[in-house]
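Peer 1: Dropping in query.cif, with mmCIF, C-alpha atoms.
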data_final
#
loop_
_atom_site.group_PDB
_atom_site.id
_atom_site.type_symbol
_atom_site.label_atom_id
_atom_site.label_comp_id
_atom_site.auth_asym_id
_atom_site.auth_seq_id
_atom_site.Cartn_x
_atom_site.Cartn_y
_atom_site.Cartn_z
ATOM 1 C CA ILE A 563 17.353 106.864 -104.380
ATOM 2 C CA LEU A 564 14.877 107.562 -101.566
ATOM 3 C CA LEU A 565 17.524 106.681 -98.985
ATOM 4 C CA LEU A 566 20.055 108.928 -100.713
ATOM 5 C CA ASN A 567 17.579 111.817 -100.732
ATOM 6 C CA ARG A 568 16.987 111.355 -97.004
ATOM 7 C CA VAL A 569 20.733 111.356 -96.317
ATOM 8 C CA MET A 570 21.178 114.542 -98.362
ATOM 9 C CA LEU A 571 18.268 116.198 -96.549
ATOM 10 C CA ALA A 572 19.702 115.203 -93.179
ATOM 11 C CA ARG A 573 23.046 116.724 -94.101
ATOM 12 C CA ARG A 574 21.353 120.005 -95.012
ATOM 13 C CA LEU A 575 19.296 120.079 -91.821
ATOM 14 C CA LEU A 576 22.070 119.052 -89.430
ATOM 15 C CA PRO A 577 23.803 122.469 -89.234
ATOM 16 C CA ALA A 578 20.476 124.169 -88.523
ATOM 17 C CA LEU A 579 19.674 121.585 -85.860
ATOM 18 C CA ARG A 580 23.042 122.125 -84.240
ATOM 19 C CA ARG A 581 22.521 125.897 -84.254
ATOM 20 C CA SER A 582 19.087 125.434 -82.696
ATOM 21 C CA LEU A 583 20.388 123.192 -79.921
ATOM 22 C CA SER A 584 23.334 125.507 -79.355
ATOM 23 C CA SER A 585 20.997 128.497 -79.169
ATOM 24 C CA GLU A 586 18.824 126.784 -76.570
ATOM 25 C CA ALA A 587 21.889 125.919 -74.506
ATOM 26 C CA SER A 588 23.199 129.475 -74.844
ATOM 27 C CA SER A 589 19.891 130.875 -73.615
ATOM 28 C CA SER A 590 20.032 128.568 -70.613
ATOM 29 C CA GLU A 591 23.583 129.658 -69.779
ATOM 30 C CA ALA A 592 22.690 133.328 -70.246
ATOM 31 C CA ALA A 593 19.772 132.962 -67.832
ATOM 32 C CA LYS A 594 22.078 131.290 -65.314
ATOM 33 C CA PHE A 595 24.519 134.211 -65.367
ATOM 34 C CA ASP A 596 21.740 136.817 -65.479
ATOM 35 C CA SER A 597 20.726 135.553 -62.046
ATOM 36 C CA LEU A 598 24.269 136.051 -60.740
ATOM 37 C CA ALA A 599 24.962 139.393 -62.409
ATOM 38 C CA GLN A 600 24.869 141.509 -59.251
ATOM 39 C CA GLY A 601 27.783 139.522 -57.847
ATOM 40 C CA TRP A 602 30.318 140.099 -60.618
ATOM 41 C CA TRP A 603 32.290 142.769 -58.782
ATOM 42 C CA ASN A 604 31.943 141.392 -55.272
ATOM 43 C CA GLU A 605 35.485 140.119 -54.775
ATOM 44 C CA ASN A 606 34.312 137.884 -51.950
ATOM 45 C CA GLY A 607 31.223 136.682 -53.795
ATOM 46 C CA PRO A 608 30.435 133.968 -56.353
ATOM 47 C CA PHE A 609 33.173 135.126 -58.740
ATOM 48 C CA LYS A 610 35.882 135.419 -56.104
ATOM 49 C CA ALA A 611 38.094 132.804 -57.771
ATOM 50 C CA LEU A 612 37.784 134.553 -61.154
ATOM 51 C CA HIS A 613 39.037 137.808 -59.680
ATOM 52 C CA SER A 614 42.000 135.921 -58.268
ATOM 53 C CA LEU A 615 42.589 134.145 -61.597
ATOM 54 C CA ASN A 616 43.470 137.515 -63.135
ATOM 55 C CA GLY A 617 46.806 137.124 -61.363
ATOM 56 C CA LEU A 618 47.648 134.428 -63.919
ATOM 57 C CA ARG A 619 45.629 135.165 -67.031
ATOM 58 C CA VAL A 620 46.394 138.877 -67.371
ATOM 59 C CA PRO A 621 50.203 138.364 -67.359
ATOM 60 C CA LEU A 622 49.753 135.328 -69.628
ATOM 61 C CA ILE A 623 48.056 137.466 -72.275
ATOM 62 C CA ARG A 624 50.295 140.480 -71.736
ATOM 63 C CA ASP A 625 53.523 138.547 -72.025
ATOM 64 C CA GLN A 626 52.606 137.050 -75.398
ATOM 65 C CA PHE A 627 52.790 140.608 -76.720
ATOM 66 C CA VAL A 628 55.729 141.779 -74.616
ATOM 67 C CA GLN A 629 58.579 139.565 -75.750
ATOM 68 C CA GLY A 630 61.223 138.346 -73.350
ATOM 69 C CA ARG A 631 59.361 138.912 -70.085
ATOM 70 C CA PRO A 632 58.582 135.991 -67.742
ATOM 71 C CA ASP A 633 54.976 135.493 -66.645
ATOM 72 C CA GLU A 634 55.757 136.243 -62.995
ATOM 73 C CA SER A 635 57.358 139.647 -63.627
ATOM 74 C CA PRO A 636 55.662 142.921 -62.628
ATOM 75 C CA ASP A 637 53.697 144.845 -65.226
ATOM 76 C CA PRO A 638 56.051 146.742 -67.522
ATOM 77 C CA PRO A 639 55.668 150.531 -67.374
ATOM 78 C CA GLY A 640 53.239 152.353 -69.609
ATOM 79 C CA LEU A 641 50.686 150.524 -71.711
ATOM 80 C CA PRO A 642 52.188 147.193 -72.854
ATOM 81 C CA LEU A 643 49.050 146.232 -74.785
ATOM 82 C CA ASP A 644 48.667 149.577 -76.545
ATOM 83 C CA GLY A 645 47.643 148.888 -80.139
ATOM 84 C CA VAL A 646 46.590 145.295 -79.412
ATOM 85 C CA SER A 647 43.013 144.480 -80.443
ATOM 86 C CA VAL A 648 41.301 141.885 -78.256
ATOM 87 C CA ALA A 649 38.009 140.039 -78.621
ATOM 88 C CA GLU A 650 36.860 138.662 -75.283
ATOM 89 C CA ILE A 651 34.185 136.004 -75.638
ATOM 90 C CA GLY A 652 31.908 135.536 -72.637
ATOM 91 C CA CYS A 653 33.109 138.637 -70.808
ATOM 92 C CA GLY A 654 30.458 138.529 -68.072
ATOM 93 C CA GLY A 655 30.683 141.610 -65.882
ATOM 94 C CA GLY A 656 34.068 142.672 -67.233
ATOM 95 C CA ILE A 657 36.347 141.159 -64.591
ATOM 96 C CA LEU A 658 39.042 140.428 -67.193
ATOM 97 C CA THR A 659 38.023 143.125 -69.677
ATOM 98 C CA GLU A 660 38.965 146.036 -67.457
ATOM 99 C CA PRO A 661 42.503 144.879 -66.543
ATOM 100 C CA LEU A 662 43.292 144.269 -70.231
ATOM 101 C CA ALA A 663 42.016 147.734 -71.123
ATOM 102 C CA ARG A 664 44.096 149.265 -68.324
ATOM 103 C CA LEU A 665 47.163 147.806 -70.036
ATOM 104 C CA GLY A 666 46.191 149.639 -73.212
ATOM 105 C CA ALA A 667 44.322 146.962 -75.172
ATOM 106 C CA SER A 668 41.298 147.831 -77.294
ATOM 107 C CA VAL A 669 38.754 145.251 -76.163
ATOM 108 C CA THR A 670 35.567 144.178 -77.889
ATOM 109 C CA ALA A 671 33.811 142.160 -75.197
ATOM 110 C CA VAL A 672 30.735 140.073 -75.977
ATOM 111 C CA ASP A 673 28.339 138.099 -73.816
ATOM 112 C CA LEU A 674 24.819 136.667 -74.036
ATOM 113 C CA SER A 675 23.849 137.741 -70.513
ATOM 114 C CA ALA A 676 22.149 141.136 -70.706
ATOM 115 C CA GLN A 677 22.249 141.594 -66.933
ATOM 116 C CA SER A 678 25.978 140.881 -66.796
ATOM 117 C CA LEU A 679 26.642 143.403 -69.540
ATOM 118 C CA ALA A 680 24.507 145.993 -67.765
ATOM 119 C CA MET A 681 26.723 145.588 -64.711
ATOM 120 C CA ALA A 682 29.858 145.907 -66.862
ATOM 121 C CA GLU A 683 28.511 148.986 -68.648
ATOM 122 C CA SER A 684 27.578 150.705 -65.391
ATOM 123 C CA ARG A 685 31.180 150.443 -64.208
ATOM 124 C CA LEU A 686 32.578 151.512 -67.553
ATOM 125 C CA ALA A 687 30.471 154.676 -67.560
ATOM 126 C CA ARG A 688 32.395 155.877 -64.508
ATOM 127 C CA ASN A 689 35.797 155.592 -66.195
ATOM 128 C CA GLU A 690 36.350 157.799 -69.230
ATOM 129 C CA THR A 691 39.753 156.312 -70.051
ATOM 130 C CA LEU A 692 38.527 152.726 -70.118
ATOM 131 C CA SER A 693 35.363 153.754 -71.971
ATOM 132 C CA SER A 694 37.489 154.752 -74.945
ATOM 133 C CA ARG A 695 39.113 151.295 -75.056
ATOM 134 C CA VAL A 696 36.193 148.943 -74.360
ATOM 135 C CA SER A 697 33.124 148.076 -76.402
ATOM 136 C CA TYR A 698 30.582 145.767 -74.722
ATOM 137 C CA ARG A 699 28.116 143.960 -76.957
ATOM 138 C CA LEU A 700 25.163 141.656 -76.368
ATOM 139 C CA SER A 701 26.356 139.185 -78.960
ATOM 140 C CA SER A 702 28.068 135.859 -79.594
ATOM 141 C CA ALA A 703 31.407 134.888 -81.108
ATOM 142 C CA ASN A 704 29.539 133.605 -84.144
ATOM 143 C CA GLU A 705 27.729 136.908 -84.719
ATOM 144 C CA LEU A 706 30.937 138.859 -84.261
ATOM 145 C CA ALA A 707 32.829 136.610 -86.693
ATOM 146 C CA ALA A 708 30.027 136.879 -89.252
ATOM 147 C CA GLY A 709 30.296 140.659 -89.246
ATOM 148 C CA GLU A 710 33.044 143.237 -88.918
ATOM 149 C CA GLY A 711 34.980 141.086 -86.467
ATOM 150 C CA ARG A 712 36.230 138.543 -89.004
ATOM 151 C CA GLY A 713 40.021 138.618 -89.107
ATOM 152 C CA ALA A 714 40.094 141.797 -87.011
ATOM 153 C CA PHE A 715 41.793 140.821 -83.739
ATOM 154 C CA ASP A 716 45.338 140.284 -82.504
ATOM 155 C CA ALA A 717 44.007 138.203 -79.618
ATOM 156 C CA VAL A 718 40.865 136.289 -78.763
ATOM 157 C CA VAL A 719 40.245 135.399 -75.135
ATOM 158 C CA LEU A 720 38.006 132.480 -74.194
ATOM 159 C CA SER A 721 38.549 132.289 -70.447
ATOM 160 C CA GLU A 722 36.368 129.994 -68.308
ATOM 161 C CA VAL A 723 33.821 129.868 -71.126
ATOM 162 C CA ILE A 724 34.199 126.794 -73.320
ATOM 163 C CA GLU A 725 33.024 124.506 -70.494
ATOM 164 C CA HIS A 726 29.653 126.300 -70.760
ATOM 165 C CA VAL A 727 29.353 125.907 -74.541
ATOM 166 C CA ALA A 728 27.217 123.269 -76.271
ATOM 167 C CA ASP A 729 28.982 123.306 -79.656
ATOM 168 C CA GLN A 730 32.628 123.607 -78.706
ATOM 169 C CA ARG A 731 33.901 122.857 -82.194
ATOM 170 C CA ALA A 732 31.894 125.766 -83.631
ATOM 171 C CA MET A 733 33.079 128.062 -80.847
ATOM 172 C CA ILE A 734 36.756 127.385 -81.580
ATOM 173 C CA GLN A 735 36.112 127.825 -85.305
ATOM 174 C CA ASP A 736 34.475 131.209 -84.641
ATOM 175 C CA CYS A 737 37.441 132.255 -82.500
ATOM 176 C CA SER A 738 39.814 131.265 -85.292
ATOM 177 C CA GLU A 739 37.870 133.354 -87.792
ATOM 178 C CA LEU A 740 38.091 136.390 -85.509
ATOM 179 C CA LEU A 741 41.888 136.285 -85.445
ATOM 180 C CA LYS A 742 44.263 138.106 -87.732
ATOM 181 C CA PRO A 743 47.074 135.997 -89.209
ATOM 182 C CA GLU A 744 49.576 135.380 -86.369
ATOM 183 C CA GLY A 745 46.901 136.362 -83.857
ATOM 184 C CA LYS A 746 46.647 134.315 -80.669
ATOM 185 C CA LEU A 747 43.819 132.495 -78.917
ATOM 186 C CA PHE A 748 43.886 132.199 -75.128
ATOM 187 C CA VAL A 749 41.739 129.529 -73.471
ATOM 188 C CA THR A 750 41.403 128.658 -69.794
ATOM 189 C CA THR A 751 39.110 125.857 -68.737
ATOM 190 C CA LEU A 752 38.623 122.623 -66.774
ATOM 191 C CA ASN A 753 40.025 119.233 -67.702
ATOM 192 C CA LYS A 754 37.652 116.281 -67.953
ATOM 193 C CA ASN A 755 38.428 113.399 -65.610
ATOM 194 C CA PRO A 756 37.238 112.004 -62.254
ATOM 195 C CA ILE A 757 39.527 114.341 -60.305
ATOM 196 C CA SER A 758 38.246 117.475 -62.038
ATOM 197 C CA TYR A 759 34.680 116.300 -61.394
ATOM 198 C CA ALA A 760 35.389 115.674 -57.718
ATOM 199 C CA LEU A 761 37.142 118.985 -57.153
ATOM 200 C CA GLY A 762 35.558 121.211 -59.801
ATOM 201 C CA ILE A 763 31.946 120.262 -59.101
ATOM 202 C CA VAL A 764 31.537 118.221 -55.908
ATOM 203 C CA ALA A 765 34.040 120.157 -53.787
ATOM 204 C CA ALA A 766 33.849 123.613 -55.408
ATOM 205 C CA GLU A 767 30.065 123.759 -55.802
ATOM 206 C CA ARG A 768 28.508 121.372 -53.281
ATOM 207 C CA VAL A 769 30.944 121.312 -50.369
ATOM 208 C CA LEU A 770 32.966 124.532 -50.277
ATOM 209 C CA GLY A 771 30.492 126.740 -52.125
ATOM 210 C CA LEU A 772 33.263 128.460 -54.094
ATOM 211 C CA VAL A 773 30.839 128.897 -57.000
ATOM 212 C CA PRO A 774 27.043 128.495 -57.070
ATOM 213 C CA GLU A 775 25.793 124.929 -57.429
ATOM 214 C CA GLY A 776 24.911 124.155 -61.023
ATOM 215 C CA THR A 777 27.519 126.502 -62.480
ATOM 216 C CA HIS A 778 29.257 123.658 -64.319
ATOM 217 C CA GLU A 779 28.107 120.593 -66.216
ATOM 218 C CA TYR A 780 30.681 117.823 -66.314
ATOM 219 C CA HIS A 781 29.818 116.627 -69.813
ATOM 220 C CA ARG A 782 31.046 119.972 -71.156
ATOM 221 C CA PHE A 783 34.467 119.767 -69.535
ATOM 222 C CA ILE A 784 37.180 119.211 -72.142
ATOM 223 C CA THR A 785 40.549 117.467 -72.022
ATOM 224 C CA PRO A 786 43.678 119.236 -73.309
ATOM 225 C CA HIS A 787 43.932 116.531 -75.979
ATOM 226 C CA ASP A 788 40.397 117.176 -77.243
ATOM 227 C CA LEU A 789 40.862 120.938 -77.119
ATOM 228 C CA ARG A 790 44.053 120.648 -79.131
ATOM 229 C CA ALA A 791 42.196 118.591 -81.740
ATOM 230 C CA LEU A 792 39.573 121.341 -82.031
ATOM 231 C CA LEU A 793 42.271 123.974 -82.397
ATOM 232 C CA GLU A 794 43.992 122.061 -85.178
ATOM 233 C CA ALA A 795 40.670 121.426 -86.949
ATOM 234 C CA ALA A 796 40.090 125.195 -86.916
ATOM 235 C CA GLY A 797 43.463 125.834 -88.533
ATOM 236 C CA LEU A 798 45.228 127.000 -85.371
ATOM 237 C CA ARG A 799 48.679 125.964 -84.198
ATOM 238 C CA HIS A 800 48.929 124.865 -80.574
ATOM 239 C CA LEU A 801 51.727 126.729 -78.775
ATOM 240 C CA PHE A 802 51.541 125.400 -75.221
ATOM 241 C CA THR A 803 49.298 124.135 -72.454
ATOM 242 C CA ARG A 804 50.000 124.862 -68.807
ATOM 243 C CA GLY A 805 48.301 123.658 -65.642
ATOM 244 C CA MET A 806 46.766 125.995 -63.064
ATOM 245 C CA ALA A 807 46.201 125.208 -59.396
ATOM 246 C CA TYR A 808 43.808 127.000 -57.051
ATOM 247 C CA ASN A 809 44.258 127.244 -53.286
ATOM 248 C CA PRO A 810 40.827 128.113 -51.820
ATOM 249 C CA LEU A 811 42.298 128.752 -48.375
ATOM 250 C CA PHE A 812 44.333 131.710 -49.660
ATOM 251 C CA ASN A 813 42.218 132.400 -52.776
ATOM 252 C CA GLN A 814 45.370 132.140 -54.868
ATOM 253 C CA TRP A 815 46.213 130.635 -58.258
ATOM 254 C CA THR A 816 49.627 129.313 -59.280
ATOM 255 C CA TRP A 817 51.079 127.764 -62.412
ATOM 256 C CA THR A 818 51.777 124.043 -62.225
ATOM 257 C CA SER A 819 53.149 121.337 -64.481
ATOM 258 C CA LEU A 820 49.958 119.328 -63.843
ATOM 259 C CA ASP A 821 46.885 120.070 -65.971
ATOM 260 C CA VAL A 822 44.641 117.559 -64.183
ATOM 261 C CA ILE A 823 42.046 120.124 -63.088
ATOM 262 C CA ASN A 824 42.436 123.639 -64.520
ATOM 263 C CA TYR A 825 44.642 124.604 -67.426
ATOM 264 C CA ALA A 826 45.465 127.368 -69.880
ATOM 265 C CA CYS A 827 46.106 126.831 -73.565
ATOM 266 C CA VAL A 828 47.544 129.242 -76.125
ATOM 267 C CA ALA A 829 47.289 128.779 -79.894
ATOM 268 C CA MET A 830 48.221 130.909 -82.903
ATOM 269 C CA LYS A 831 46.703 131.440 -86.312
ATOM 270 C CA PRO A 832 49.391 130.829 -88.960
ATOM 271 C CA ALA A 833 50.635 133.684 -91.100
ATOM 272 C CA ALA A 834 48.821 134.200 -94.353
ATOM 273 C CA LYS A 835 50.325 132.314 -97.275
ATOM 274 C CA GLY A 836 52.868 134.391 -99.131
ATOM 275 C CA ASP A 837 53.557 136.547 -96.054
ATOM 276 C CA ASP A 838 57.301 136.442 -95.412
ATOM 277 C CA ASN A 839 57.128 138.501 -92.227
#
Since I need it in another form, could you write the structure as structure tokens?
Peer 2:
Amino acid sequence: ILLLNRVMLARRLLPALRRSLSSEASSSEAAKFDSLAQGWWNENGPFKALHSLNGLRVPLIRDQFVQGRPDESPDPPGLPLDGVSVAEIGCGGGILTEPLARLGASVTAVDLSAQSLAMAESRLARNETLSSRVSYRLSSANELAAGEGRGAFDAVVLSEVIEHVADQRAMIQDCSELLKPEGKLFVTTLNKNPISYALGIVAAERVLGLVPEGTHEYHRFITPHDLRALLEAAGLRHLFTRGMAYNPLFNQWTWTSLDVINYACVAMKPAAKGDDN
């Protein structure tokens, strides 16, 4: 009986322990990006590759809502994302937020780095049109999902974020809860293998200096297989995974059939039961 009581107590305490550890890790990551906040909009600075990555991830998101257009096509005229509600998790200084808003999306962008959000807000204040489409919040996916954000979004974007998250299972679950039925989750991240370690950390951080040293921690990289398992556990249906390749010489990203290093993954929340549409 004593052993059973201890097991039951452990089960009750485990979620709180996980939240505590996750919170500590989140604070550490927030502090890391606070120190880099002034560089968010320097296109030749520490986030140079992220600016370039918009060439892939913006069309990827856009084209899931503009049927029949290939990823490589030019932006369609007008506002192709008009009426699309987007939750961007880990928005940083707004590098991806602004392009999505320019295409007409209504973006709720959250981050735990106060300095990064201050940089994003300062830019937003100078653009009245984008200000009406973007809401920056010092918050987490979990806090957003626990409040008015639950089931409120057509799209959730988790781009270059999950490899900085301690509790990846909880993060994907929160993203799932933010989605409307038939809403889509967009993830870009780093694979986990010796090649991604050599190129994503040793070469990118220590040799070429593409990103500041210490930006990534290898144990948080995630394989496409493991990410897909998390998606399915959260009730999401995997649509596709596609590799991304970065050329540092030309600061250019391209799609590739190989997902050995960087990759994008798209998943969808199934329609609500009884919905025939």
Peer 1: Given the file shown, enumerate the residues that the PyMOL selection byres ((chain A and resi 757-760) around 10) captures and present them as JSON, numbers by chain.
Peer 2: {"A": [752, 753, 754, 755, 756, 761, 762, 763, 764, 765, 766, 767, 768, 778, 779, 780, 781, 783, 821, 822, 823, 824]}
Peer 1: Neighbouring residues of Leu820 of chain A were defined as those with any atom within 9 Å, considering only C-alpha atoms; residues of the same chain fewer than 4 positions away were excluded. Please report them as a ChimeraX atom specification.
Peer 2: /A:804-807,824-825
Peer 1: Could you jot down the atom CA of Val718 of chain A to atom CA of Gln735 of chain A separation for me, Å, one decimal place?
Peer 2: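 Rounded to one decimal, the two atoms are 11.7 Å apart.
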Peer 1: Would you kindly translate the PyMOL selection byres ((chain A and resi 706) around 12) into the concrete residues it picks from this file, as a PyMOL selection string?
Peer 2: chain A and resi 649-651+670-673+698-705+707-715+718+733+736-741
Peer 1: One number please: atom CA of Leu665 of chain A to atom CA of Gln629 of chain A, in Å, one decimal.
Peer 2: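 Result for atom CA of Leu665 of chain A versus atom CA of Gln629 of chain A: 15.2 Å, one decimal.
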Peer 1: Given only C-alpha atoms as the basis, pick out the residue of A:Thr803, A:Asn813, A:Thr785, A:Asn604 nearest to Met681 of chain A.
Peer 2: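 Ranked by minimum distance to Met681 of chain A, first place goes to A:Asn604.
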Peer 1: Which residues come within 10 Å of Ala680 of chain A, counting only C-alpha atoms, excluding same-chain residues fewer than 6 positions away, as a ChimeraX atom specification?
Peer 2: /A:596,599-600,654-655,686,698,700
Peer 1: Once you have the residues from the selection above, write them out as an mmCIF file, in the coordinates of the input, restricted to C-alpha atoms.
Peer 2:
data_model
loop_
_atom_site.group_PDB
_atom_site.id
_atom_site.type_symbol
_atom_site.label_atom_id
_atom_site.label_comp_id
_atom_site.auth_asym_id
_atom_site.auth_seq_id
_atom_site.Cartn_x
_atom_site.Cartn_y
_atom_site.Cartn_z
ATOM 1 C CA ASP A 596 21.740 136.817 -65.479
ATOM 2 C CA ALA A 599 24.962 139.393 -62.409
ATOM 3 C CA GLN A 600 24.869 141.509 -59.251
ATOM 4 C CA GLY A 654 30.458 138.529 -68.072
ATOM 5 C CA GLY A 655 30.683 141.610 -65.882
ATOM 6 C CA LEU A 686 32.578 151.512 -67.553
ATOM 7 C CA TYR A 698 30.582 145.767 -74.722
ATOM 8 C CA LEU A 700 25.163 141.656 -76.368
#
Peer 1: Measure the distance from atom CA of Leu679 of chain A to atom CA of Ser697 of chain A in Å and round it to one decimal.
Peer 2: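 Distance reported for this atom pair: 10.5 Å.
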Peer 1: Centre and edge lengths of an axis-aligned box around all listed atoms of segment 678-693 of chain A, with 6 Å added on each side, are to be given in Å to one decimal, as lines of an AutoDock Vina configuration file.
Peer 2:
center_x = 32.1
center_y = 149.3
center_z = -68.1
size_x = 27.2
size_y = 28.9
size_z = 19.8
Peer 1: Of the residues A:Gln814, A:Ser819, A:Ser721, A:Thr751, which is the one nearest to Cys653 of chain A, using only C-alpha atoms?
Peer 2: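 Closest to Cys653 of chain A of all the choices is A:Ser721.
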Peer 1: Could you tell me which residues the PyMOL selection byres ((chain A and resi 613) around 12) returns for this structure, as JSON, numbers by chain?
Peer 2: {"A": [601, 602, 603, 604, 605, 606, 607, 608, 609, 610, 611, 612, 614, 615, 616, 617, 618, 619, 620, 655, 656, 657, 658, 659, 660, 661, 722, 813, 814, 815]}
Peer 1: Can you spit out the residues from that selection as a PDB file, in the coordinates of the input, using C-alpha atoms?
Peer 2:
ATOM      1  CA  GLY A 601      27.783 139.522 -57.847  1.00  0.00           C
ATOM      2  CA  TRP A 602      30.318 140.099 -60.618  1.00  0.00           C
ATOM      3  CA  TRP A 603      32.290 142.769 -58.782  1.00  0.00           C
ATOM      4  CA  ASN A 604      31.943 141.392 -55.272  1.00  0.00           C
ATOM      5  CA  GLU A 605      35.485 140.119 -54.775  1.00  0.00           C
ATOM      6  CA  ASN A 606      34.312 137.884 -51.950  1.00  0.00           C
ATOM      7  CA  GLY A 607      31.223 136.682 -53.795  1.00  0.00           C
ATOM      8  CA  PRO A 608      30.435 133.968 -56.353  1.00  0.00           C
ATOM      9  CA  PHE A 609      33.173 135.126 -58.740  1.00  0.00           C
ATOM     10  CA  LYS A 610      35.882 135.419 -56.104  1.00  0.00           C
ATOM     11  CA  ALA A 611      38.094 132.804 -57.771  1.00  0.00           C
ATOM     12  CA  LEU A 612      37.784 134.553 -61.154  1.00  0.00           C
ATOM     13  CA  SER A 614      42.000 135.921 -58.268  1.00  0.00           C
ATOM     14  CA  LEU A 615      42.589 134.145 -61.597  1.00  0.00           C
ATOM     15  CA  ASN A 616      43.470 137.515 -63.135  1.00  0.00           C
ATOM     16  CA  GLY A 617      46.806 137.124 -61.363  1.00  0.00           C
ATOM     17  CA  LEU A 618      47.648 134.428 -63.919  1.00  0.00           C
ATOM     18  CA  ARG A 619      45.629 135.165 -67.031  1.00  0.00           C
ATOM     19  CA  VAL A 620      46.394 138.877 -67.371  1.00  0.00           C
ATOM     20  CA  GLY A 655      30.683 141.610 -65.882  1.00  0.00           C
ATOM     21  CA  GLY A 656      34.068 142.672 -67.233  1.00  0.00           C
ATOM     22  CA  ILE A 657      36.347 141.159 -64.591  1.00  0.00           C
ATOM     23  CA  LEU A 658      39.042 140.428 -67.193  1.00  0.00           C
ATOM     24  CA  THR A 659      38.023 143.125 -69.677  1.00  0.00           C
ATOM     25  CA  GLU A 660      38.965 146.036 -67.457  1.00  0.00           C
ATOM     26  CA  PRO A 661      42.503 144.879 -66.543  1.00  0.00           C
ATOM     27  CA  GLU A 722      36.368 129.994 -68.308  1.00  0.00           C
ATOM     28  CA  ASN A 813      42.218 132.400 -52.776  1.00  0.00           C
ATOM     29  CA  GLN A 814      45.370 132.140 -54.868  1.00  0.00           C
ATOM     30  CA  TRP A 815      46.213 130.635 -58.258  1.00  0.00           C
TER      31      TRP A 815
END
Peer 1: So which one's closest to Glu744 of chain A, A:Ile623, A:Ala728, A:Ala593, A:Leu798? Using all atoms listed in the file, please.
Peer 2: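 Among the listed residues, the smallest separation from Glu744 of chain A belongs to A:Leu798.
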Peer 1: Taking into account all atoms listed in the file, which residue in the set A:Val669, A:Leu622, A:Leu598, A:Ala795 is nearest to Gly645 of chain A?
Peer 2: A:Val669
Peer 1: What are the nearest atom pairs, with distances in Å to one decimal, for all residues of segment 733-777 of chain A that come at most 9 Å from segment 832-835 of chain A, using only C-alpha atoms, set out by chain and rising residue number as JSON lines?
Peer 2:
{"residue": "A:Lys742", "atom": "CA", "partner": "A:Ala833", "partner_atom": "CA", "distance": 8.5}
{"residue": "A:Pro743", "atom": "CA", "partner": "A:Ala833", "partner_atom": "CA", "distance": 4.6}
{"residue": "A:Glu744", "atom": "CA", "partner": "A:Ala833", "partner_atom": "CA", "distance": 5.1}
{"residue": "A:Gly745", "atom": "CA", "partner": "A:Pro832", "partner_atom": "CA", "distance": 7.9}
Peer 1: Could you tell me which of A:Asn809, A:Glu690, A:Thr818, A:Arg731 comes closest to Gly797 of chain A if we count only C-alpha atoms?
Peer 2: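 The shortest atom-to-atom distance to Gly797 of chain A comes from A:Arg731.
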Peer 1: Using all atoms listed in the file for the distances, tell me which of A:Ala682, A:Leu643, A:Ala732, A:Ala663 is nearest to Leu792 of chain A.
Peer 2: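 With all atoms listed in the file as the atom set, the closest residue is A:Ala732.
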Peer 1: Please complete segment 773-780 of chain A with N, CA, C and O atoms and give it back as a PDB file, in the frame of the given file.
Peer 2:
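out35.pdb, written as the output of this step:
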ATOM      1  N   VAL A 773      31.699 128.366 -55.941  1.00  0.00           N
ATOM      2  CA  VAL A 773      30.839 128.897 -57.000  1.00  0.00           C
ATOM      3  C   VAL A 773      29.439 128.324 -56.780  1.00  0.00           C
ATOM      4  O   VAL A 773      29.284 127.278 -56.133  1.00  0.00           O
ATOM      5  N   PRO A 774      28.406 128.988 -57.278  1.00  0.00           N
ATOM      6  CA  PRO A 774      27.043 128.495 -57.070  1.00  0.00           C
ATOM      7  C   PRO A 774      26.845 127.091 -57.642  1.00  0.00           C
ATOM      8  O   PRO A 774      27.402 126.752 -58.692  1.00  0.00           O
ATOM      9  N   GLU A 775      26.065 126.280 -56.952  1.00  0.00           N
ATOM     10  CA  GLU A 775      25.793 124.929 -57.429  1.00  0.00           C
ATOM     11  C   GLU A 775      25.059 124.996 -58.772  1.00  0.00           C
ATOM     12  O   GLU A 775      24.147 125.787 -58.953  1.00  0.00           O
ATOM     13  N   GLY A 776      25.488 124.168 -59.691  1.00  0.00           N
ATOM     14  CA  GLY A 776      24.911 124.155 -61.023  1.00  0.00           C
ATOM     15  C   GLY A 776      25.660 125.015 -62.026  1.00  0.00           C
ATOM     16  O   GLY A 776      25.280 125.085 -63.195  1.00  0.00           O
ATOM     17  N   THR A 777      26.739 125.661 -61.572  1.00  0.00           N
ATOM     18  CA  THR A 777      27.519 126.502 -62.480  1.00  0.00           C
ATOM     19  C   THR A 777      28.101 125.692 -63.624  1.00  0.00           C
ATOM     20  O   THR A 777      28.103 126.122 -64.780  1.00  0.00           O
ATOM     21  N   HIS A 778      28.607 124.492 -63.307  1.00  0.00           N
ATOM     22  CA  HIS A 778      29.257 123.658 -64.319  1.00  0.00           C
ATOM     23  C   HIS A 778      28.479 122.380 -64.599  1.00  0.00           C
ATOM     24  O   HIS A 778      27.766 121.879 -63.730  1.00  0.00           O
ATOM     25  N   GLU A 779      28.650 121.885 -65.814  1.00  0.00           N
ATOM     26  CA  GLU A 779      28.107 120.593 -66.216  1.00  0.00           C
ATOM     27  C   GLU A 779      29.271 119.739 -66.713  1.00  0.00           C
ATOM     28  O   GLU A 779      29.952 120.119 -67.672  1.00  0.00           O
ATOM     29  N   TYR A 780      29.473 118.609 -66.057  1.00  0.00           N
ATOM     30  CA  TYR A 780      30.681 117.823 -66.314  1.00  0.00           C
ATOM     31  C   TYR A 780      30.819 117.404 -67.776  1.00  0.00           C
ATOM     32  O   TYR A 780      31.929 117.358 -68.308  1.00  0.00           O
TER      33      TYR A 780
END
